[in-house]
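Novice: mmCIF, C-alpha atoms and all ligand atoms, file coords.cif:
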```cif
data_entry
loop_
_atom_site.label_atom_id
_atom_site.label_comp_id
_atom_site.auth_asym_id
_atom_site.auth_seq_id
_atom_site.Cartn_x
_atom_site.Cartn_y
_atom_site.Cartn_z
CA MET A 1 29.38 -29.13 -44.71
CA SER A 2 26.32 -27.11 -45.69
CA LYS A 3 23.27 -28.67 -47.40
CA LYS A 4 20.76 -27.04 -49.70
CA VAL A 5 17.04 -27.77 -49.59
CA VAL A 6 14.70 -26.30 -52.22
CA LEU A 7 11.16 -25.62 -50.96
CA LEU A 8 8.34 -25.66 -53.51
CA PRO A 9 5.22 -24.79 -51.47
CA GLY A 10 3.03 -24.74 -54.61
CA ASP A 11 -0.67 -23.99 -54.20
CA GLY A 12 -3.51 -24.13 -51.66
CA ILE A 13 -2.61 -25.86 -48.39
CA GLY A 14 0.83 -26.67 -49.87
CA VAL A 15 1.88 -23.17 -48.80
CA GLU A 16 0.56 -23.64 -45.25
CA VAL A 17 2.09 -27.06 -44.58
CA VAL A 18 5.51 -26.21 -46.05
CA LYS A 19 5.64 -23.19 -43.71
CA GLU A 20 5.43 -25.61 -40.76
CA ALA A 21 8.10 -27.81 -42.32
CA GLU A 22 10.45 -24.82 -42.51
CA LYS A 23 10.24 -24.40 -38.72
CA ILE A 24 11.28 -28.02 -38.19
CA ILE A 25 14.11 -27.97 -40.77
CA SER A 26 15.50 -24.76 -39.28
CA TYR A 27 15.43 -26.16 -35.73
CA ILE A 28 17.03 -29.51 -36.70
CA SER A 29 19.70 -27.67 -38.69
CA LYS A 30 20.72 -25.68 -35.61
CA ARG A 31 20.38 -28.58 -33.18
CA TYR A 32 22.70 -30.85 -35.15
CA ASP A 33 24.85 -28.05 -36.60
CA LEU A 34 23.98 -29.05 -40.18
CA ASP A 35 24.01 -25.59 -41.80
CA ILE A 36 20.97 -26.36 -43.98
CA GLN A 37 20.22 -23.54 -46.42
CA THR A 38 16.63 -23.39 -47.70
CA GLU A 39 15.36 -21.46 -50.70
CA SER A 40 11.75 -21.18 -51.87
CA HIS A 41 10.55 -21.18 -55.47
CA LEU A 42 7.22 -21.06 -57.27
CA ALA A 43 5.70 -24.19 -58.81
CA GLY A 44 2.30 -25.16 -60.19
CA GLY A 45 -0.52 -22.61 -60.25
CA ALA A 46 1.57 -20.03 -58.37
CA SER A 47 4.20 -20.18 -61.12
CA LEU A 48 1.54 -20.05 -63.84
CA ASP A 49 0.12 -16.87 -62.29
CA ALA A 50 3.53 -15.23 -61.99
CA HIS A 51 5.34 -16.52 -65.10
CA ASP A 52 2.70 -18.24 -67.29
CA ILE A 53 4.61 -21.56 -67.03
CA PRO A 54 4.10 -24.43 -64.49
CA ILE A 55 7.77 -24.40 -63.46
CA LYS A 56 10.68 -22.31 -64.73
CA ASP A 57 13.91 -23.83 -66.07
CA GLU A 58 15.86 -21.96 -63.37
CA VAL A 59 13.75 -23.64 -60.69
CA ILE A 60 14.39 -27.08 -62.19
CA ALA A 61 18.12 -26.23 -62.26
CA ALA A 62 18.03 -25.15 -58.59
CA CYS A 63 16.32 -28.45 -57.69
CA MET A 64 18.92 -30.45 -59.59
CA GLN A 65 21.73 -28.71 -57.70
CA ALA A 66 20.08 -29.12 -54.28
CA ASP A 67 20.51 -31.98 -51.81
CA ALA A 68 16.73 -32.36 -51.53
CA VAL A 69 13.44 -30.85 -52.67
CA LEU A 70 10.36 -30.49 -50.45
CA LEU A 71 7.09 -29.96 -52.34
CA GLY A 72 3.74 -28.94 -50.81
CA ALA A 73 1.09 -29.56 -53.47
CA VAL A 74 0.09 -28.10 -56.80
CA GLY A 75 -3.27 -27.48 -58.48
CA GLY A 76 -6.65 -25.92 -57.89
CA PRO A 77 -9.91 -25.04 -59.64
CA LYS A 78 -8.49 -21.75 -60.95
CA TRP A 79 -6.30 -23.68 -63.42
CA ASP A 80 -8.57 -26.70 -64.06
CA ASN A 81 -9.60 -25.58 -67.53
CA ASN A 82 -6.10 -24.66 -68.71
CA PRO A 83 -4.73 -26.47 -71.77
CA SER A 84 -2.53 -29.46 -70.94
CA GLU A 85 0.81 -27.56 -71.18
CA LYS A 86 -0.46 -24.87 -68.81
CA ARG A 87 -1.69 -27.19 -66.07
CA PRO A 88 -0.08 -27.05 -62.61
CA GLU A 89 0.53 -30.86 -62.58
CA LYS A 90 2.99 -30.40 -65.46
CA ALA A 91 5.41 -29.04 -62.85
CA LEU A 92 5.32 -32.38 -61.01
CA LEU A 93 5.76 -34.48 -64.13
CA ARG A 94 8.68 -32.33 -65.24
CA LEU A 95 10.35 -32.59 -61.82
CA ARG A 96 9.95 -36.39 -61.80
CA LYS A 97 11.36 -36.68 -65.30
CA ASP A 98 14.24 -34.19 -64.98
CA LEU A 99 15.33 -35.46 -61.56
CA GLY A 100 15.00 -39.09 -62.77
CA LEU A 101 12.74 -40.00 -59.83
CA TYR A 102 11.90 -43.61 -60.62
CA ASN A 103 11.55 -44.84 -57.03
CA ASN A 104 8.50 -43.68 -55.08
CA LEU A 105 8.37 -44.75 -51.43
CA ARG A 106 5.11 -44.44 -49.54
CA PRO A 107 5.28 -45.67 -45.94
CA VAL A 108 1.87 -46.44 -44.41
CA THR A 109 1.84 -46.58 -40.62
CA VAL A 110 -1.25 -46.94 -38.48
CA PHE A 111 -0.40 -45.07 -35.27
CA PRO A 112 -1.68 -46.94 -32.18
CA SER A 113 -3.54 -43.84 -30.97
CA LEU A 114 -5.37 -43.54 -34.31
CA LYS A 115 -6.40 -47.11 -35.07
CA ASP A 116 -10.04 -46.16 -34.36
CA ALA A 117 -9.79 -43.57 -37.18
CA SER A 118 -9.47 -46.22 -39.88
CA PRO A 119 -12.58 -47.16 -41.88
CA LEU A 120 -11.58 -50.78 -41.09
CA ARG A 121 -12.03 -52.39 -37.67
CA PRO A 122 -9.20 -51.52 -35.22
CA GLU A 123 -8.17 -55.18 -34.87
CA VAL A 124 -7.69 -55.41 -38.68
CA VAL A 125 -5.38 -52.36 -38.91
CA ASP A 126 -3.59 -52.90 -35.59
CA GLY A 127 0.18 -52.92 -36.20
CA VAL A 128 0.05 -52.03 -39.90
CA ASN A 129 3.47 -50.76 -40.95
CA LEU A 130 4.08 -51.24 -44.66
CA LEU A 131 6.03 -49.55 -47.43
CA VAL A 132 4.79 -49.27 -51.01
CA VAL A 133 7.70 -49.09 -53.47
CA ARG A 134 6.18 -47.81 -56.70
CA GLU A 135 8.00 -47.52 -60.03
CA LEU A 136 7.41 -43.91 -61.05
CA THR A 137 8.75 -43.21 -64.53
CA GLY A 138 7.64 -46.17 -66.69
CA GLY A 139 4.62 -48.32 -67.47
CA LEU A 140 1.23 -47.26 -68.73
CA TYR A 141 1.61 -43.58 -67.86
CA PHE A 142 4.61 -43.08 -70.14
CA GLY A 143 4.66 -45.94 -72.73
CA GLN A 144 4.33 -45.09 -76.42
CA PRO A 145 2.20 -45.16 -78.54
CA LYS A 146 -0.26 -43.12 -76.53
CA GLY A 147 -3.10 -40.83 -77.53
CA ILE A 148 -6.56 -40.52 -79.06
CA THR A 149 -6.80 -41.06 -82.81
CA GLU A 150 -9.60 -41.69 -85.27
CA VAL A 151 -9.87 -45.19 -86.68
CA ASP A 152 -12.62 -46.11 -89.18
CA GLY A 153 -14.60 -43.00 -88.31
CA GLU A 154 -14.55 -43.38 -84.53
CA GLU A 155 -12.20 -42.18 -81.82
CA VAL A 156 -9.85 -44.73 -80.24
CA GLY A 157 -7.79 -44.13 -77.09
CA VAL A 158 -4.49 -45.99 -76.71
CA ASP A 159 -2.04 -46.34 -73.80
CA THR A 160 0.93 -48.69 -73.80
CA MET A 161 2.20 -50.64 -70.80
CA ARG A 162 5.89 -51.04 -71.42
CA TYR A 163 8.77 -52.03 -69.16
CA SER A 164 12.40 -52.80 -69.97
CA VAL A 165 14.53 -55.18 -67.89
CA SER A 166 16.76 -52.34 -66.68
CA GLU A 167 13.74 -50.34 -65.44
CA ILE A 168 12.48 -53.38 -63.51
CA GLU A 169 15.92 -54.24 -62.14
CA ARG A 170 16.61 -50.85 -60.54
CA ILE A 171 13.24 -50.56 -58.78
CA THR A 172 13.49 -54.19 -57.62
CA ARG A 173 16.89 -53.55 -56.07
CA ALA A 174 15.51 -50.41 -54.39
CA ALA A 175 12.67 -52.46 -52.85
CA PHE A 176 14.99 -55.25 -51.68
CA GLU A 177 17.42 -52.75 -50.14
CA ALA A 178 14.52 -51.07 -48.32
CA ALA A 179 13.28 -54.46 -47.07
CA LEU A 180 16.74 -55.30 -45.65
CA CYS A 181 16.27 -52.40 -43.18
CA ARG A 182 12.74 -53.58 -42.28
CA ARG A 183 11.14 -57.02 -41.74
CA LYS A 184 12.83 -58.48 -44.85
CA LYS A 185 9.70 -59.43 -46.73
CA VAL A 186 8.87 -58.26 -50.28
CA THR A 187 5.54 -58.81 -52.01
CA SER A 188 5.97 -58.19 -55.74
CA VAL A 189 2.60 -57.26 -57.25
CA ASP A 190 1.87 -57.84 -60.94
CA LYS A 191 -0.70 -59.23 -63.35
CA ALA A 192 1.53 -61.97 -64.76
CA ASN A 193 -1.40 -64.23 -65.64
CA ILE A 194 -2.38 -61.77 -68.41
CA LEU A 195 0.14 -58.98 -69.11
CA ALA A 196 3.44 -59.51 -70.96
CA SER A 197 5.05 -56.60 -69.11
CA SER A 198 4.13 -58.35 -65.84
CA GLN A 199 5.62 -61.65 -67.02
CA LEU A 200 8.92 -59.86 -67.66
CA TRP A 201 8.52 -58.09 -64.31
CA ARG A 202 8.12 -61.38 -62.42
CA LYS A 203 10.99 -63.09 -64.25
CA THR A 204 13.31 -60.17 -63.50
CA VAL A 205 12.29 -59.91 -59.84
CA ILE A 206 12.98 -63.65 -59.38
CA ARG A 207 16.46 -63.25 -60.92
CA ILE A 208 17.36 -60.20 -58.78
CA ALA A 209 16.11 -62.02 -55.65
CA GLU A 210 19.05 -64.44 -56.02
CA ASP A 211 21.29 -61.56 -54.86
CA TYR A 212 19.16 -61.14 -51.72
CA PRO A 213 19.00 -64.54 -50.01
CA ASP A 214 17.79 -63.00 -46.71
CA ILE A 215 14.64 -61.57 -48.30
CA ASP A 216 11.42 -63.54 -48.15
CA LEU A 217 9.91 -62.89 -51.62
CA GLU A 218 6.33 -63.58 -52.62
CA HIS A 219 4.38 -62.74 -55.79
CA MET A 220 0.79 -61.56 -55.73
CA LEU A 221 -1.63 -60.66 -58.51
CA VAL A 222 -2.78 -57.06 -58.28
CA ASP A 223 -6.48 -57.92 -57.89
CA ASN A 224 -5.67 -60.23 -54.99
CA CYS A 225 -3.42 -57.56 -53.43
CA ALA A 226 -6.26 -55.02 -53.53
CA MET A 227 -8.36 -57.54 -51.60
CA GLN A 228 -5.61 -58.57 -49.14
CA LEU A 229 -4.93 -54.93 -48.21
CA ILE A 230 -8.45 -54.77 -46.81
CA ARG A 231 -8.63 -58.35 -45.48
CA ASN A 232 -5.29 -58.56 -43.68
CA PRO A 233 -3.06 -55.49 -44.24
CA SER A 234 -0.53 -56.37 -41.53
CA GLN A 235 0.73 -59.32 -43.63
CA PHE A 236 2.64 -56.80 -45.80
CA ASP A 237 6.10 -55.38 -45.21
CA VAL A 238 7.33 -54.04 -48.60
CA ILE A 239 4.99 -53.99 -51.60
CA LEU A 240 6.96 -53.69 -54.86
CA THR A 241 4.94 -52.74 -57.91
CA GLU A 242 4.79 -50.90 -61.23
CA ASN A 243 3.54 -47.37 -61.78
CA MET A 244 -0.24 -47.65 -62.22
CA PHE A 245 -0.75 -50.57 -59.81
CA GLY A 246 1.29 -48.58 -57.24
CA ASP A 247 -0.77 -45.45 -57.81
CA ILE A 248 -3.99 -47.29 -57.02
CA LEU A 249 -2.75 -49.61 -54.27
CA SER A 250 -0.94 -46.85 -52.37
CA ASP A 251 -4.11 -44.73 -52.20
CA GLU A 252 -6.00 -47.80 -50.99
CA ALA A 253 -3.29 -48.46 -48.38
CA ALA A 254 -3.37 -44.78 -47.39
CA MET A 255 -6.98 -45.06 -46.29
CA LEU A 256 -6.02 -47.70 -43.72
CA THR A 257 -4.69 -44.81 -41.63
CA GLY A 258 -7.95 -42.87 -41.69
CA SER A 259 -6.73 -39.59 -43.23
CA ILE A 260 -4.74 -38.61 -46.28
CA GLY A 261 -3.36 -35.76 -44.17
CA MET A 262 -1.04 -38.24 -42.41
CA LEU A 263 0.85 -39.77 -45.35
CA PRO A 264 4.35 -38.84 -46.47
CA SER A 265 6.24 -39.85 -49.60
CA ALA A 266 9.75 -39.84 -51.00
CA SER A 267 10.68 -39.96 -54.68
CA LEU A 268 14.25 -41.02 -55.33
CA GLY A 269 16.53 -41.49 -58.32
CA GLU A 270 20.23 -41.15 -59.08
CA GLY A 271 20.40 -37.48 -57.99
CA THR A 272 18.31 -35.12 -55.86
CA GLY A 273 15.39 -36.71 -54.01
CA MET A 274 11.97 -35.08 -53.76
CA TYR A 275 9.69 -35.29 -50.71
CA GLU A 276 6.00 -34.45 -50.55
CA PRO A 277 2.80 -35.28 -48.71
CA VAL A 278 0.54 -37.72 -50.57
CA HIS A 279 -2.40 -35.28 -50.47
CA GLY A 280 -3.15 -32.48 -52.93
CA SER A 281 -3.69 -28.73 -52.50
CA ALA A 282 -7.13 -29.20 -50.83
CA PRO A 283 -8.76 -26.03 -52.23
CA ASP A 284 -11.82 -26.66 -50.03
CA ILE A 285 -9.85 -25.87 -46.86
CA ALA A 286 -7.00 -23.70 -48.20
CA GLY A 287 -6.24 -20.45 -46.40
CA GLN A 288 -8.06 -21.46 -43.20
CA ASN A 289 -5.07 -22.71 -41.16
CA ILE A 290 -6.84 -26.05 -40.54
CA ALA A 291 -4.89 -28.42 -42.83
CA ASN A 292 -3.04 -31.27 -41.17
CA PRO A 293 0.72 -30.66 -41.65
CA LEU A 294 1.79 -34.09 -40.32
CA ALA A 295 2.16 -35.73 -43.77
CA THR A 296 4.57 -32.95 -44.72
CA LEU A 297 6.48 -33.15 -41.44
CA ALA A 298 6.76 -36.94 -41.86
CA SER A 299 8.07 -36.23 -45.41
CA VAL A 300 10.74 -34.02 -43.82
CA ALA A 301 11.73 -37.02 -41.67
CA LEU A 302 12.13 -39.10 -44.86
CA MET A 303 14.23 -36.29 -46.35
CA PHE A 304 16.65 -36.46 -43.41
CA ARG A 305 16.77 -40.27 -43.73
CA TYR A 306 17.29 -40.65 -47.48
CA SER A 307 18.86 -37.41 -48.76
CA LEU A 308 20.48 -35.64 -45.83
CA ASP A 309 22.00 -38.75 -44.26
CA HIS A 310 20.76 -38.03 -40.76
CA GLU A 311 18.83 -40.97 -39.35
CA LYS A 312 18.77 -39.45 -35.86
CA ALA A 313 16.95 -36.32 -37.11
CA ALA A 314 14.50 -38.54 -39.03
CA SER A 315 13.69 -40.70 -36.02
CA ASP A 316 13.45 -37.62 -33.73
CA ILE A 317 10.75 -36.14 -35.99
CA GLU A 318 8.87 -39.44 -36.28
CA ALA A 319 8.99 -39.94 -32.50
CA SER A 320 7.66 -36.40 -31.95
CA ILE A 321 4.73 -37.02 -34.30
CA ASN A 322 3.92 -40.25 -32.47
CA ASN A 323 4.17 -38.56 -29.05
CA VAL A 324 1.93 -35.65 -30.05
CA LEU A 325 -0.71 -38.04 -31.40
CA ASN A 326 -0.47 -40.23 -28.29
CA ALA A 327 -0.96 -37.15 -26.13
CA GLY A 328 -4.36 -36.70 -27.80
CA PHE A 329 -3.66 -33.83 -30.21
CA ASN A 330 -4.71 -33.78 -33.83
CA CYS A 331 -6.02 -31.49 -36.57
CA LYS A 332 -9.56 -31.00 -37.78
CA ASP A 333 -9.44 -33.88 -40.30
CA MET A 334 -9.01 -36.31 -37.39
CA SER A 335 -11.00 -34.32 -34.82
CA ARG A 336 -13.20 -37.27 -33.85
CA HIS A 337 -10.04 -38.94 -32.58
CA ALA A 338 -8.49 -35.99 -30.77
CA ARG A 339 -8.84 -34.76 -27.23
CA GLU A 340 -7.62 -31.38 -28.49
CA VAL A 341 -7.91 -30.10 -32.08
CA LEU A 342 -5.04 -27.92 -33.29
CA SER A 343 -4.72 -25.56 -36.24
CA THR A 344 -2.00 -26.08 -38.85
CA SER A 345 0.40 -23.66 -37.19
CA GLN A 346 -0.40 -24.91 -33.67
CA MET A 347 0.39 -28.47 -34.79
CA GLY A 348 3.72 -27.29 -36.27
CA ASP A 349 4.52 -25.53 -32.98
CA LYS A 350 3.50 -28.58 -30.94
CA ILE A 351 5.83 -30.86 -32.93
CA LEU A 352 8.62 -28.29 -32.57
CA ALA A 353 8.11 -28.03 -28.80
CA THR A 354 8.09 -31.84 -28.50
CA LEU A 355 11.33 -32.05 -30.51
CA LYS A 356 12.93 -29.47 -28.25
CA ASP A 357 11.91 -31.47 -25.14
CA ALA A 358 13.30 -34.75 -26.50
P1 LIG B 1 -6.78 -33.40 -52.08
O1 LIG B 1 -5.81 -34.40 -51.53
O2 LIG B 1 -6.26 -32.03 -52.26
O3 LIG B 1 -8.07 -33.32 -51.12
C1 LIG B 1 -8.94 -34.41 -50.90
C2 LIG B 1 -9.72 -34.20 -49.59
O4 LIG B 1 -8.82 -34.41 -48.49
C3 LIG B 1 -10.25 -32.77 -49.42
O5 LIG B 1 -11.49 -32.83 -48.77
C4 LIG B 1 -9.23 -32.09 -48.55
O6 LIG B 1 -9.76 -31.04 -47.76
C5 LIG B 1 -8.73 -33.24 -47.68
N1 LIG B 1 -7.31 -33.07 -47.32
C6 LIG B 1 -6.25 -33.26 -48.15
N2 LIG B 1 -5.12 -33.00 -47.48
C7 LIG B 1 -5.49 -32.64 -46.23
C8 LIG B 1 -4.74 -32.23 -45.09
N3 LIG B 1 -3.40 -32.14 -45.08
N4 LIG B 1 -5.42 -31.92 -43.97
C9 LIG B 1 -6.76 -32.00 -43.94
N5 LIG B 1 -7.53 -32.39 -44.99
C10 LIG B 1 -6.88 -32.69 -46.13
O7 LIG B 1 -7.32 -33.99 -53.46
P2 LIG B 1 -8.29 -33.33 -54.54
O8 LIG B 1 -9.33 -32.51 -53.86
O9 LIG B 1 -8.65 -34.43 -55.43
O10 LIG B 1 -7.34 -32.37 -55.38
C11 LIG B 1 -7.25 -30.97 -55.16
C12 LIG B 1 -6.15 -30.39 -56.07
O11 LIG B 1 -4.89 -30.95 -55.71
C13 LIG B 1 -6.38 -30.76 -57.54
O12 LIG B 1 -6.02 -29.63 -58.31
C14 LIG B 1 -5.42 -31.90 -57.79
O13 LIG B 1 -4.98 -31.96 -59.14
C15 LIG B 1 -4.26 -31.51 -56.88
N6 LIG B 1 -3.43 -32.66 -56.43
C16 LIG B 1 -2.09 -32.39 -56.34
C17 LIG B 1 -1.24 -33.38 -55.88
C18 LIG B 1 0.22 -33.05 -55.75
O14 LIG B 1 0.58 -31.89 -55.83
N7 LIG B 1 1.08 -34.02 -55.51
C19 LIG B 1 -1.75 -34.63 -55.50
C20 LIG B 1 -3.13 -34.85 -55.58
C21 LIG B 1 -3.97 -33.84 -56.05
#
```
Would you put the structure from the file into structure tokens?

Specialist:
Amino acid sequence: MSKKVVLLPGDGIGVEVVKEAEKIISYISKRYDLDIQTESHLAGGASLDAHDIPIKDEVIAACMQADAVLLGAVGGPKWDNNPSEKRPEKALLRLRKDLGLYNNLRPVTVFPSLKDASPLRPEVVDGVNLLVVRELTGGLYFGQPKGITEVDGEEVGVDTMRYSVSEIERITRAAFEAALCRRKKVTSVDKANILASSQLWRKTVIRIAEDYPDIDLEHMLVDNCAMQLIRNPSQFDVILTENMFGDILSDEAAMLTGSIGMLPSASLGEGTGMYEPVHGSAPDIAGQNIANPLATLASVALMFRYSLDHEKAASDIEASINNVLNAGFNCKDMSRHAREVLSTSQMGDKILATLKDA
């Protein structure tokens, strides 16, 4: 049965890294006889330039009908001063909303060959393998009322942190299900000593945990979690948290690996899943063929695991990335830790050759 994957390369290095991903998807499709059809569309600044809109309705429709979406990155200085409706990031927000992507998974793995690359001591990051499960469509970023108004002659900015039980329930179940396939530990992160939304969060997580007797559940305040991620990151298996806490903690966790160019993500909901590297469009290095494509290739592995139902393809890609790193290859962002520095396209080719040899 054929599968459809929509590619949204976007802007800057997004275009370069998605090109490498296409090579891998095409090879895996042939190797496992999966008949994967890919089609590319414009999103972000590229779409603004061509159509004066961050993403067209037809592109959203194509994504909704696909089995998976792979996004590079959107944004760049060219569009930084655009009004809010004409900003490249609007494409991302619209995709998250229209595809109902409430579940953002960010695996953080410190590869043995790269533990010296972390800003923390190697013995602190040794063996780190954690998964941040971040709620993506609720909380402070979406709650109403929101905005800047004038009160008594001065401007006041308001954001609202709001969560309903059903929103908390579905992300909690997603985290517990993910933990069942891992080391079966969930750390639920909140600020229940102060925030009402966190008190409801904790109460709901405790109730849902009754359905998962095999999971070892702990609760941690967000400020303590920020500290523990630096003090002893290998204590974590699955970190379950709301939107803004997850945004901040996952970037902190990302730095344990030494480069943002290594981190994949998956955003899941009821329908099509979307996969993307954690990094942005990196305008400072765009067009030079030096960006690290590994975060995008690891995102392709997640796509095979969660949307294309092919665990073998996912683990093949992950094993190839590990083998290439162990053999001493890396890109310029990790050059201090490489015996040989590869360009973007050379790294894509190296992963492909390693896959073919496996
Ligand atoms: P960035 O992630 O693009 O870059 C931060 C730094 O990391 C830069 O020095 C860059 O060169 C480096 N870097 C990032 N990815 C790399 C890779 N794969 N290989 C090697 N080096 C890499 O973040 P930024 O500079 O804050 O943002 C640039 C643009 O990207 C902005 O317009 C921002 O809005 C956008 N952005 C988009 C997304 C997304 O599309 N999901 C996410 C974050 C930022």

Novice: Which value, in Å to one decimal, gives the distance between atom CA of Ala68 of chain A and atom CA of Glu270 of chain A?

Specialist: 12.1 Å

Novice: Considering all atoms listed in the file, can you say which of A:Leu48, A:Ala313, A:Leu221, A:Met303 comes closest to Ala192 of chain A?

Specialist: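 Using all atoms listed in the file, the shortest distance to Ala192 of chain A belongs to A:Leu221.
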
Novice: Hey, which bits of chain A sit within 10 Å of ligand LIG 1 (chain B), and for each residue what's the closest pair of atoms and how far apart in Å (one decimal), counting only C-alpha atoms and all ligand atoms, rows by chain and increasing number, as a Markdown table?

Specialist:
```
| residue | atom | partner | partner_atom | distance |
| --- | --- | --- | --- | --- |
| A:Pro9 | CA | B:LIG1 | O14 | 9.5 |
| A:Gly10 | CA | B:LIG1 | O14 | 7.7 |
| A:Asp11 | CA | B:LIG1 | O14 | 8.2 |
| A:Gly12 | CA | B:LIG1 | O11 | 8.1 |
| A:Ile13 | CA | B:LIG1 | N3 | 7.1 |
| A:Gly14 | CA | B:LIG1 | O14 | 7.9 |
| A:Glu16 | CA | B:LIG1 | N3 | 9.4 |
| A:Val17 | CA | B:LIG1 | N3 | 7.5 |
| A:Ala43 | CA | B:LIG1 | O14 | 9.7 |
| A:Gly44 | CA | B:LIG1 | O14 | 8.2 |
| A:Gly45 | CA | B:LIG1 | O12 | 9.1 |
| A:Leu71 | CA | B:LIG1 | O14 | 7.6 |
| A:Gly72 | CA | B:LIG1 | O14 | 6.6 |
| A:Ala73 | CA | B:LIG1 | O14 | 3.4 |
| A:Val74 | CA | B:LIG1 | O14 | 3.9 |
| A:Gly75 | CA | B:LIG1 | O12 | 3.5 |
| A:Gly76 | CA | B:LIG1 | O12 | 3.8 |
| A:Pro77 | CA | B:LIG1 | O12 | 6.2 |
| A:Lys78 | CA | B:LIG1 | O12 | 8.7 |
| A:Trp79 | CA | B:LIG1 | O12 | 7.8 |
| A:Asp80 | CA | B:LIG1 | O12 | 6.9 |
| A:Arg87 | CA | B:LIG1 | O13 | 9.0 |
| A:Pro88 | CA | B:LIG1 | O13 | 7.8 |
| A:Glu89 | CA | B:LIG1 | O13 | 6.6 |
| A:Ala91 | CA | B:LIG1 | O14 | 9.0 |
| A:Leu92 | CA | B:LIG1 | O14 | 7.0 |
| A:Leu93 | CA | B:LIG1 | N7 | 9.8 |
| A:Ser259 | CA | B:LIG1 | N5 | 7.5 |
| A:Ile260 | CA | B:LIG1 | N2 | 5.7 |
| A:Gly261 | CA | B:LIG1 | N3 | 3.7 |
| A:Met262 | CA | B:LIG1 | N3 | 7.1 |
| A:Leu263 | CA | B:LIG1 | N3 | 8.7 |
| A:Ser265 | CA | B:LIG1 | N7 | 9.8 |
| A:Tyr275 | CA | B:LIG1 | N7 | 9.9 |
| A:Glu276 | CA | B:LIG1 | N7 | 7.0 |
| A:Pro277 | CA | B:LIG1 | N7 | 7.1 |
| A:Val278 | CA | B:LIG1 | N7 | 6.2 |
| A:His279 | CA | B:LIG1 | O1 | 3.7 |
| A:Gly280 | CA | B:LIG1 | O2 | 3.2 |
| A:Ser281 | CA | B:LIG1 | O11 | 4.1 |
| A:Ala282 | CA | B:LIG1 | O2 | 3.3 |
| A:Pro283 | CA | B:LIG1 | C11 | 5.9 |
| A:Asp284 | CA | B:LIG1 | O6 | 5.3 |
| A:Ile285 | CA | B:LIG1 | O6 | 5.2 |
| A:Ala286 | CA | B:LIG1 | O6 | 7.9 |
| A:Asn289 | CA | B:LIG1 | N4 | 9.6 |
| A:Ile290 | CA | B:LIG1 | C9 | 6.9 |
| A:Ala291 | CA | B:LIG1 | N4 | 3.7 |
| A:Asn292 | CA | B:LIG1 | N4 | 3.7 |
| A:Pro293 | CA | B:LIG1 | N3 | 5.6 |
| A:Leu294 | CA | B:LIG1 | N3 | 7.3 |
| A:Ala295 | CA | B:LIG1 | N3 | 6.7 |
| A:Thr296 | CA | B:LIG1 | N3 | 8.0 |
| A:Cys331 | CA | B:LIG1 | C9 | 7.4 |
| A:Lys332 | CA | B:LIG1 | C9 | 6.8 |
| A:Asp333 | CA | B:LIG1 | C9 | 4.9 |
| A:Met334 | CA | B:LIG1 | C9 | 8.2 |
| A:Thr344 | CA | B:LIG1 | N4 | 8.5 |
```

Novice: Restricting it to C-alpha atoms, dump the selection as a compact mmCIF listing (two decimals), keeping the file's coordinate frame.

Specialist:
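Final file, part07.txt:
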```
# COMPACT_ATOMS: atom_id res chain seq x y z
CA PRO A 9 5.22 -24.79 -51.47
CA GLY A 10 3.03 -24.74 -54.61
CA ASP A 11 -0.67 -23.99 -54.20
CA GLY A 12 -3.51 -24.13 -51.66
CA ILE A 13 -2.61 -25.86 -48.39
CA GLY A 14 0.83 -26.67 -49.87
CA GLU A 16 0.56 -23.64 -45.25
CA VAL A 17 2.09 -27.06 -44.58
CA ALA A 43 5.70 -24.19 -58.81
CA GLY A 44 2.30 -25.16 -60.19
CA GLY A 45 -0.52 -22.61 -60.25
CA LEU A 71 7.09 -29.96 -52.34
CA GLY A 72 3.74 -28.94 -50.81
CA ALA A 73 1.09 -29.56 -53.47
CA VAL A 74 0.09 -28.10 -56.80
CA GLY A 75 -3.27 -27.48 -58.48
CA GLY A 76 -6.65 -25.92 -57.89
CA PRO A 77 -9.91 -25.04 -59.64
CA LYS A 78 -8.49 -21.75 -60.95
CA TRP A 79 -6.30 -23.68 -63.42
CA ASP A 80 -8.57 -26.70 -64.06
CA ARG A 87 -1.69 -27.19 -66.07
CA PRO A 88 -0.08 -27.05 -62.61
CA GLU A 89 0.53 -30.86 -62.58
CA ALA A 91 5.41 -29.04 -62.85
CA LEU A 92 5.32 -32.38 -61.01
CA LEU A 93 5.76 -34.48 -64.13
CA SER A 259 -6.73 -39.59 -43.23
CA ILE A 260 -4.74 -38.61 -46.28
CA GLY A 261 -3.36 -35.76 -44.17
CA MET A 262 -1.04 -38.24 -42.41
CA LEU A 263 0.85 -39.77 -45.35
CA SER A 265 6.24 -39.85 -49.60
CA TYR A 275 9.69 -35.29 -50.71
CA GLU A 276 6.00 -34.45 -50.55
CA PRO A 277 2.80 -35.28 -48.71
CA VAL A 278 0.54 -37.72 -50.57
CA HIS A 279 -2.40 -35.28 -50.47
CA GLY A 280 -3.15 -32.48 -52.93
CA SER A 281 -3.69 -28.73 -52.50
CA ALA A 282 -7.13 -29.20 -50.83
CA PRO A 283 -8.76 -26.03 -52.23
CA ASP A 284 -11.82 -26.66 -50.03
CA ILE A 285 -9.85 -25.87 -46.86
CA ALA A 286 -7.00 -23.70 -48.20
CA ASN A 289 -5.07 -22.71 -41.16
CA ILE A 290 -6.84 -26.05 -40.54
CA ALA A 291 -4.89 -28.42 -42.83
CA ASN A 292 -3.04 -31.27 -41.17
CA PRO A 293 0.72 -30.66 -41.65
CA LEU A 294 1.79 -34.09 -40.32
CA ALA A 295 2.16 -35.73 -43.77
CA THR A 296 4.57 -32.95 -44.72
CA CYS A 331 -6.02 -31.49 -36.57
CA LYS A 332 -9.56 -31.00 -37.78
CA ASP A 333 -9.44 -33.88 -40.30
CA MET A 334 -9.01 -36.31 -37.39
CA THR A 344 -2.00 -26.08 -38.85
```
